[in-house]
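Visitor: You'll find protein.txt just under this line, and it carries compact mmCIF, C-alpha atoms.
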```txt
# COMPACT_ATOMS: atom_id res chain seq x y z
CA MET A 1 24.58 57.18 43.19
CA ILE A 2 24.19 54.29 45.63
CA THR A 3 20.42 54.72 45.95
CA GLY A 4 19.71 55.64 42.34
CA GLY A 5 17.74 58.60 43.69
CA ASP A 6 17.75 62.17 42.40
CA ALA A 7 21.10 63.74 43.35
CA LYS A 8 19.67 67.25 43.91
CA ARG A 9 16.99 65.90 46.26
CA ILE A 10 19.57 63.88 48.21
CA LYS A 11 21.91 66.87 48.49
CA LYS A 12 19.04 69.02 49.76
CA ALA A 13 18.19 66.36 52.35
CA LEU A 14 21.80 66.36 53.52
CA LEU A 15 21.92 70.15 53.78
CA ASP A 16 18.52 70.26 55.53
CA ASP A 17 19.67 67.65 58.07
CA ALA A 18 16.93 65.29 56.83
CA PHE A 19 19.19 62.48 55.63
CA GLU A 20 17.59 59.60 57.56
CA GLN A 21 15.99 57.95 54.53
CA TYR A 22 19.39 57.65 52.84
CA GLN A 23 21.44 56.72 55.90
CA GLY A 24 20.77 52.98 55.51
CA ALA A 25 22.22 52.82 52.00
CA LEU A 26 25.35 54.62 53.15
CA SER A 27 25.74 52.55 56.32
CA GLU A 28 25.82 49.39 54.16
CA ARG A 29 29.04 50.85 52.76
CA TRP A 30 30.53 51.54 56.18
CA TRP A 31 34.05 51.91 54.77
CA ILE A 32 33.21 55.13 52.90
CA ARG A 33 34.28 58.35 54.63
CA PHE A 34 33.91 61.94 53.47
CA ASP A 35 35.67 65.14 54.41
CA PHE A 36 33.97 68.26 53.09
CA SER A 37 36.73 70.72 53.98
CA ALA A 38 36.99 73.43 51.35
CA ARG A 39 40.79 73.89 51.76
CA PRO A 40 42.24 70.81 53.46
CA THR A 41 45.89 70.98 54.49
CA LEU A 42 48.34 68.15 53.99
CA ALA A 43 48.44 67.68 57.76
CA ALA A 44 44.63 67.40 57.91
CA MET A 45 44.64 64.81 55.11
CA GLU A 46 47.26 62.78 56.94
CA THR A 47 45.23 62.92 60.16
CA LEU A 48 42.15 61.62 58.32
CA LEU A 49 44.17 58.74 56.88
CA LEU A 50 45.61 57.87 60.30
CA CYS A 51 42.10 57.93 61.80
CA TYR A 52 40.85 55.58 59.06
CA LEU A 53 43.77 53.24 59.72
CA GLU A 54 43.09 53.32 63.47
CA VAL A 55 39.37 52.56 63.08
CA PHE A 56 39.51 49.92 60.33
CA GLY A 57 43.03 48.54 60.66
CA VAL A 58 43.76 49.18 56.98
CA SER A 59 44.21 52.20 54.72
CA PRO A 60 41.44 53.03 52.27
CA HIS A 61 41.72 51.41 48.84
CA LEU A 62 40.70 54.64 47.08
CA ILE A 63 41.46 58.21 48.08
CA VAL A 64 39.79 60.94 46.02
CA VAL A 65 41.13 64.50 46.18
CA ASP A 66 38.50 66.82 44.70
CA ASN A 67 40.01 69.18 43.56
CA VAL A 68 43.81 69.23 43.78
CA THR A 69 43.96 73.01 43.41
CA ASN A 70 41.82 73.31 46.57
CA VAL A 71 44.42 71.56 48.73
CA ASP A 72 46.27 74.02 50.95
CA ALA A 73 49.81 72.77 50.47
CA GLY A 74 51.30 75.98 51.82
CA ARG A 75 52.14 77.23 48.37
CA SER A 76 52.55 80.82 47.33
CA ALA A 77 49.76 82.72 45.62
CA ASN A 78 52.37 83.75 43.04
CA SER A 79 51.20 82.51 39.65
CA ASP A 80 54.80 81.94 38.50
CA SER A 81 55.24 79.21 41.10
CA PHE A 82 51.80 77.63 40.50
CA ALA A 83 53.04 74.79 38.26
CA PHE A 84 55.96 73.97 40.55
CA ALA A 85 53.67 73.90 43.60
CA LEU A 86 51.20 71.61 41.80
CA GLU A 87 53.99 69.28 40.78
CA ASP A 88 55.14 69.13 44.42
CA LEU A 89 51.57 68.32 45.47
CA PHE A 90 51.39 65.50 42.91
CA GLU A 91 54.71 64.16 44.25
CA TYR A 92 53.13 64.20 47.73
CA LEU A 93 50.02 62.36 46.49
CA SER A 94 52.21 59.83 44.68
CA GLU A 95 54.06 59.17 47.95
CA MET A 96 50.69 58.86 49.70
CA ALA A 97 49.74 56.14 47.21
CA ARG A 98 52.98 54.25 47.87
CA GLU A 99 52.66 54.53 51.67
CA THR A 100 48.99 53.49 51.83
CA SER A 101 48.85 51.11 48.82
CA ALA A 102 45.75 53.08 47.82
CA HIS A 103 44.76 54.39 44.44
CA VAL A 104 44.96 58.17 44.87
CA LEU A 105 42.69 59.93 42.40
CA GLY A 106 43.23 63.66 42.02
CA LEU A 107 40.65 65.66 40.08
CA HIS A 108 42.09 68.65 38.24
CA HIS A 109 41.27 71.33 35.66
CA THR A 110 42.28 71.94 32.05
CA THR A 111 43.70 75.00 30.34
CA GLY A 112 41.45 77.72 28.93
CA GLU A 113 40.87 76.43 25.42
CA TYR A 114 39.68 73.06 26.79
CA SER A 115 37.85 74.32 29.89
CA ASP A 116 34.40 74.15 28.28
CA GLY A 117 34.86 70.38 27.89
CA LEU A 118 33.74 70.27 24.27
CA LEU A 119 37.03 69.15 22.67
CA PRO A 120 39.17 66.09 23.36
CA THR A 121 41.80 67.35 25.81
CA PRO A 122 45.41 66.33 25.13
CA LEU A 123 47.97 65.82 27.88
CA SER A 124 49.30 69.30 27.14
CA GLY A 125 45.83 70.69 27.96
CA VAL A 126 46.05 69.72 31.64
CA LYS A 127 46.35 72.87 33.76
CA GLY A 128 49.84 73.51 35.09
CA LYS A 129 51.39 70.87 32.79
CA VAL A 130 51.60 68.43 35.72
CA GLY A 131 51.59 65.25 33.62
CA ARG A 132 55.12 64.21 34.64
CA VAL A 133 54.27 62.73 38.05
CA PRO A 134 50.95 60.84 37.78
CA ALA A 135 51.12 57.27 36.44
CA LEU A 136 47.74 57.67 34.74
CA VAL A 137 46.08 60.81 33.37
CA ILE A 138 42.57 60.62 31.93
CA THR A 139 40.97 63.71 30.44
CA ILE A 140 37.22 63.99 29.92
CA HIS A 141 35.22 65.88 27.34
CA LYS A 142 31.48 66.05 26.72
CA GLY A 143 29.44 64.65 23.89
CA ASP A 144 25.77 64.78 23.02
CA GLY A 145 23.90 61.51 22.95
CA GLY A 146 20.67 63.12 21.76
CA ASP A 147 17.39 63.41 23.68
CA GLY A 148 19.16 65.27 26.48
CA VAL A 149 21.56 62.40 27.18
CA ARG A 150 25.04 63.54 28.22
CA ILE A 151 28.01 61.52 26.98
CA LEU A 152 31.35 61.68 28.80
CA ASN A 153 34.37 60.68 26.75
CA ALA A 154 37.39 59.55 28.78
CA SER A 155 40.80 59.76 27.06
CA PRO A 156 43.88 57.97 28.49
CA VAL A 157 46.43 60.70 27.65
CA LYS A 158 49.12 59.17 29.87
CA ASN A 159 49.39 55.59 31.07
CA ARG A 160 52.65 54.09 32.30
CA GLU A 161 51.13 50.61 32.41
CA GLY A 162 49.29 50.42 29.10
CA PHE A 163 47.73 52.15 26.13
CA GLU A 164 47.85 55.92 25.92
CA ASP A 165 47.13 58.57 23.30
CA SER A 166 48.50 61.93 24.44
CA SER A 167 46.37 63.72 21.82
CA GLY A 168 43.15 62.84 23.66
CA GLY A 169 41.66 61.63 20.39
CA THR A 170 41.15 58.05 21.58
CA PHE A 171 38.47 57.67 24.23
CA ALA A 172 35.90 55.43 25.86
CA SER A 173 32.37 56.82 25.99
CA LEU A 174 29.99 56.66 28.94
CA THR A 175 26.43 57.92 29.31
CA LEU A 176 25.75 60.11 32.33
CA ASP A 177 22.33 60.15 33.94
CA ARG A 178 22.36 63.74 35.18
CA SER A 179 19.71 63.19 37.83
CA THR A 180 21.26 60.13 39.50
CA LEU A 181 24.89 60.73 38.39
CA LEU A 182 25.16 57.11 37.26
CA LEU A 183 27.58 56.25 34.45
CA GLU A 184 27.09 53.40 31.99
CA ASP A 185 29.03 52.17 28.98
CA VAL A 186 27.69 53.46 25.69
CA GLU A 187 26.12 50.57 23.83
CA THR A 188 27.97 50.20 20.54
CA GLU A 189 28.07 47.44 18.00
CA LEU A 190 31.43 45.81 17.34
CA PRO A 191 32.76 46.00 13.77
CA ALA A 192 31.88 42.99 11.63
CA THR A 193 35.48 41.74 11.85
CA PHE A 194 34.89 41.04 15.56
CA ALA A 195 31.58 39.23 15.08
CA THR A 196 31.59 35.51 15.83
CA GLN A 197 30.38 33.19 13.12
```
Could you spell out this file's structure in structure tokens?
Guide:
Amino acid sequence: MITGGDAKRIKKALLDDAFEQYQGALSERWWIRFDFSARPTLAAMETLLLCYLEVFGVSPHLIVVDNVTNVDAGRSANSDSFAFALEDLFEYLSEMARETSAHVLGLHHTTGEYSDGLLPTPLSGVKGKVGRVPALVITIHKGDGGDGVRILNASPVKNREGFEDSSGGTFASLTLDRSTLLLEDVETELPATFATQ
């Protein structure tokens, strides 16, 4: 996304240990750190945050957890306790945000009927019904912009600090360039009532 290059080509270069041509763009953003662990534990996440603090003297401003169900929080494999375990994890991430003053962004899944991403997803469509803890929940569904353009529609289904529509029916639309993964606002004309005279 930083280089504007083809994402598949860049990923292949990373996997083939031929990343030199992209290293400069990343080194200009020296504050970015990645951890590619498939099942990070809470202890491992804390260690990474402490290392960041030690190296840079501050906590990161943004922490992305992709995907929250991949975090090994020591929960049971019992499906009955799944929602309770997820809620505990969200409580932990909320505490992480308070302790670090970072925005903690947790990516998550939706329930079956919304999992194809074709319909606006309401708050009740978030997997595990974990909407109680996060301050902001945005669901995303796909649209077709024609000519192979992918539209992503972002719905604020919960927002403690501002507008929300728990139905998912109100959304902002962004175009997604699938090769570079860049997002841009969809160009729309304002209604005539907003036009200046």
Visitor: Could you tell me how far atom CA of A:Val64 lies from atom CA of A:Leu105, in Å and to one decimal?
Guide: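 That distance, rounded to one decimal, is 4.7 Å.
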Visitor: What is the distance, in Å and to one decimal place, between atom CA of A:Ala135 and atom CA of A:Ser94?
Guide: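 A separation of 8.7 Å between them.
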Visitor: Taking (20.7, 57.8, 34.6) in the file's own coordinates, collect the residues within 10 Å, counting all atoms listed in the file, and hand them back as a ChimeraX atom specification.
Guide: /A:1,4-6,149-150,175-184
Visitor: With a cut-off of 12 Å, could you pull out the residues of stretch 95-161 of chain A touching stretch 54-63 of chain A and give me the nearest pair of atoms for each, distance in Å to one decimal, using only C-alpha atoms, ordered by chain and ascending number, as a Markdown table?
Guide:
```
| residue | atom | partner | partner_atom | distance |
| --- | --- | --- | --- | --- |
| A:Met96 | CA | A:Ile63 | CA | 9.4 |
| A:Ala97 | CA | A:Ile63 | CA | 8.6 |
| A:Arg98 | CA | A:Ser59 | CA | 11.3 |
| A:Glu99 | CA | A:Ser59 | CA | 9.3 |
| A:Thr100 | CA | A:Ser59 | CA | 5.7 |
| A:Ser101 | CA | A:His61 | CA | 7.1 |
| A:Ala102 | CA | A:His61 | CA | 4.5 |
| A:His103 | CA | A:Leu62 | CA | 4.8 |
| A:Val104 | CA | A:Ile63 | CA | 4.7 |
| A:Leu105 | CA | A:Ile63 | CA | 6.1 |
| A:Gly106 | CA | A:Ile63 | CA | 8.3 |
| A:Leu107 | CA | A:Ile63 | CA | 11.0 |
```
Visitor: Can you pull out every residue within 10 Å of A:His108, counting all atoms listed in the file, but drop anything in the same chain fewer than 3 positions away, and send it as a list in words?
Guide: Val65, Asp66, Asn67, Val68, Thr69, Asn70, Leu105, Val126, Lys127, Gly128, Val130 and Thr139 of chain A
Visitor: Between A:Lys12, A:Asn159, A:Asn153, A:Ser166, which residue has the minimum interatomic distance to A:Asp185, considering all atoms listed in the file?
Guide: A:Asn153
Visitor: I want to know what sits within 10 Å of A:Asp35, based on only C-alpha atoms, with residues of the same chain fewer than 5 positions away left out; could you give that as a PyMOL selection string?
Guide: chain A and resi 40+44-45+48+65
Visitor: Can you pull out every residue within 9 Å of A:Gly169, counting only C-alpha atoms, but drop anything in the same chain fewer than 6 positions away, and send it as a PyMOL selection string?
Guide: chain A and resi 120-122+155+157
Visitor: For a test of reading the model, state the distance in Å between atom CA of A:Glu91 and atom CA of A:Phe36, rounded to one decimal.
Guide: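 Atom-to-atom, atom CA of A:Glu91 to atom CA of A:Phe36, that is 22.9 Å.
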Visitor: Residues proximal to (54.8, 63.0, 34.4) were defined as those with any atom within 10 Å of that point in the file's coordinates, counting all atoms listed in the file. Which are they, as a VMD selection string?
Guide: chain A and resid 87 90 to 91 123 129 to 137 158 to 160
Visitor: Find the residue from A:Ser124, A:Thr111, A:Ser167, A:Ser173 that sits nearest to A:Asp144; use only C-alpha atoms when measuring.
Guide: A:Ser173
Visitor: Have a look at A:Leu119, A:Leu86, A:Ala154, A:Ile2 and name the one nearest to A:Tyr22; count all atoms listed in the file.
Guide: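 For A:Tyr22, the nearest of the candidates is A:Ile2.
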Visitor: Taking into account only C-alpha atoms, which residue in the set A:Ala18, A:Asp72, A:Asp147, A:Gly168 is nearest to A:Ala38?
Guide: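 Using only C-alpha atoms, the shortest distance to A:Ala38 belongs to A:Asp72.
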Visitor: Could I get stretch 169-189 of chain A rebuilt with N, CA and C atoms, written as a short mmCIF file (atom, residue, chain, number, x, y, z; two decimals), keeping the file's coordinate frame?
Guide:
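Okay, part18.cif is ready:
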```
data_model
loop_
_atom_site.label_atom_id
_atom_site.label_comp_id
_atom_site.auth_asym_id
_atom_site.auth_seq_id
_atom_site.Cartn_x
_atom_site.Cartn_y
_atom_site.Cartn_z
N GLY A 169 42.57 62.02 21.46
CA GLY A 169 41.66 61.63 20.39
C GLY A 169 41.10 60.22 20.51
N THR A 170 41.68 59.39 21.36
CA THR A 170 41.15 58.05 21.58
C THR A 170 40.46 58.04 22.93
N PHE A 171 39.21 57.61 22.97
CA PHE A 171 38.47 57.67 24.23
C PHE A 171 37.41 56.60 24.32
N ALA A 172 37.04 56.31 25.56
CA ALA A 172 35.90 55.43 25.86
C ALA A 172 34.73 56.33 26.21
N SER A 173 33.55 55.97 25.78
CA SER A 173 32.37 56.82 25.99
C SER A 173 31.43 56.20 27.02
N LEU A 174 30.93 57.06 27.89
CA LEU A 174 29.99 56.66 28.94
C LEU A 174 28.79 57.60 28.91
N THR A 175 27.60 57.05 29.16
CA THR A 175 26.43 57.92 29.31
C THR A 175 26.34 58.35 30.77
N LEU A 176 25.94 59.57 30.99
CA LEU A 176 25.75 60.11 32.33
C LEU A 176 24.29 60.43 32.53
N ASP A 177 23.69 59.80 33.54
CA ASP A 177 22.33 60.15 33.94
C ASP A 177 22.49 61.35 34.88
N ARG A 178 22.11 62.52 34.42
CA ARG A 178 22.36 63.74 35.18
C ARG A 178 21.58 63.83 36.47
N SER A 179 20.47 63.11 36.58
CA SER A 179 19.71 63.19 37.83
C SER A 179 20.28 62.27 38.90
N THR A 180 20.74 61.08 38.51
CA THR A 180 21.26 60.13 39.50
C THR A 180 22.79 60.09 39.54
N LEU A 181 23.44 60.71 38.54
CA LEU A 181 24.89 60.73 38.39
C LEU A 181 25.49 59.37 38.10
N LEU A 182 24.67 58.44 37.61
CA LEU A 182 25.16 57.11 37.26
C LEU A 182 25.79 57.12 35.86
N LEU A 183 26.90 56.40 35.73
CA LEU A 183 27.58 56.25 34.45
C LEU A 183 27.38 54.84 33.93
N GLU A 184 27.20 54.71 32.62
CA GLU A 184 27.09 53.40 31.99
C GLU A 184 27.86 53.43 30.68
N ASP A 185 28.37 52.27 30.27
CA ASP A 185 29.03 52.17 28.98
C ASP A 185 28.03 52.52 27.88
N VAL A 186 28.52 53.20 26.86
CA VAL A 186 27.69 53.46 25.69
C VAL A 186 27.57 52.16 24.92
N GLU A 187 26.35 51.80 24.59
CA GLU A 187 26.12 50.57 23.83
C GLU A 187 26.52 50.81 22.38
N THR A 188 27.53 50.09 21.93
CA THR A 188 27.97 50.20 20.54
C THR A 188 28.12 48.81 19.97
N GLU A 189 27.89 48.72 18.67
CA GLU A 189 28.07 47.44 18.00
C GLU A 189 29.53 47.29 17.61
#
```
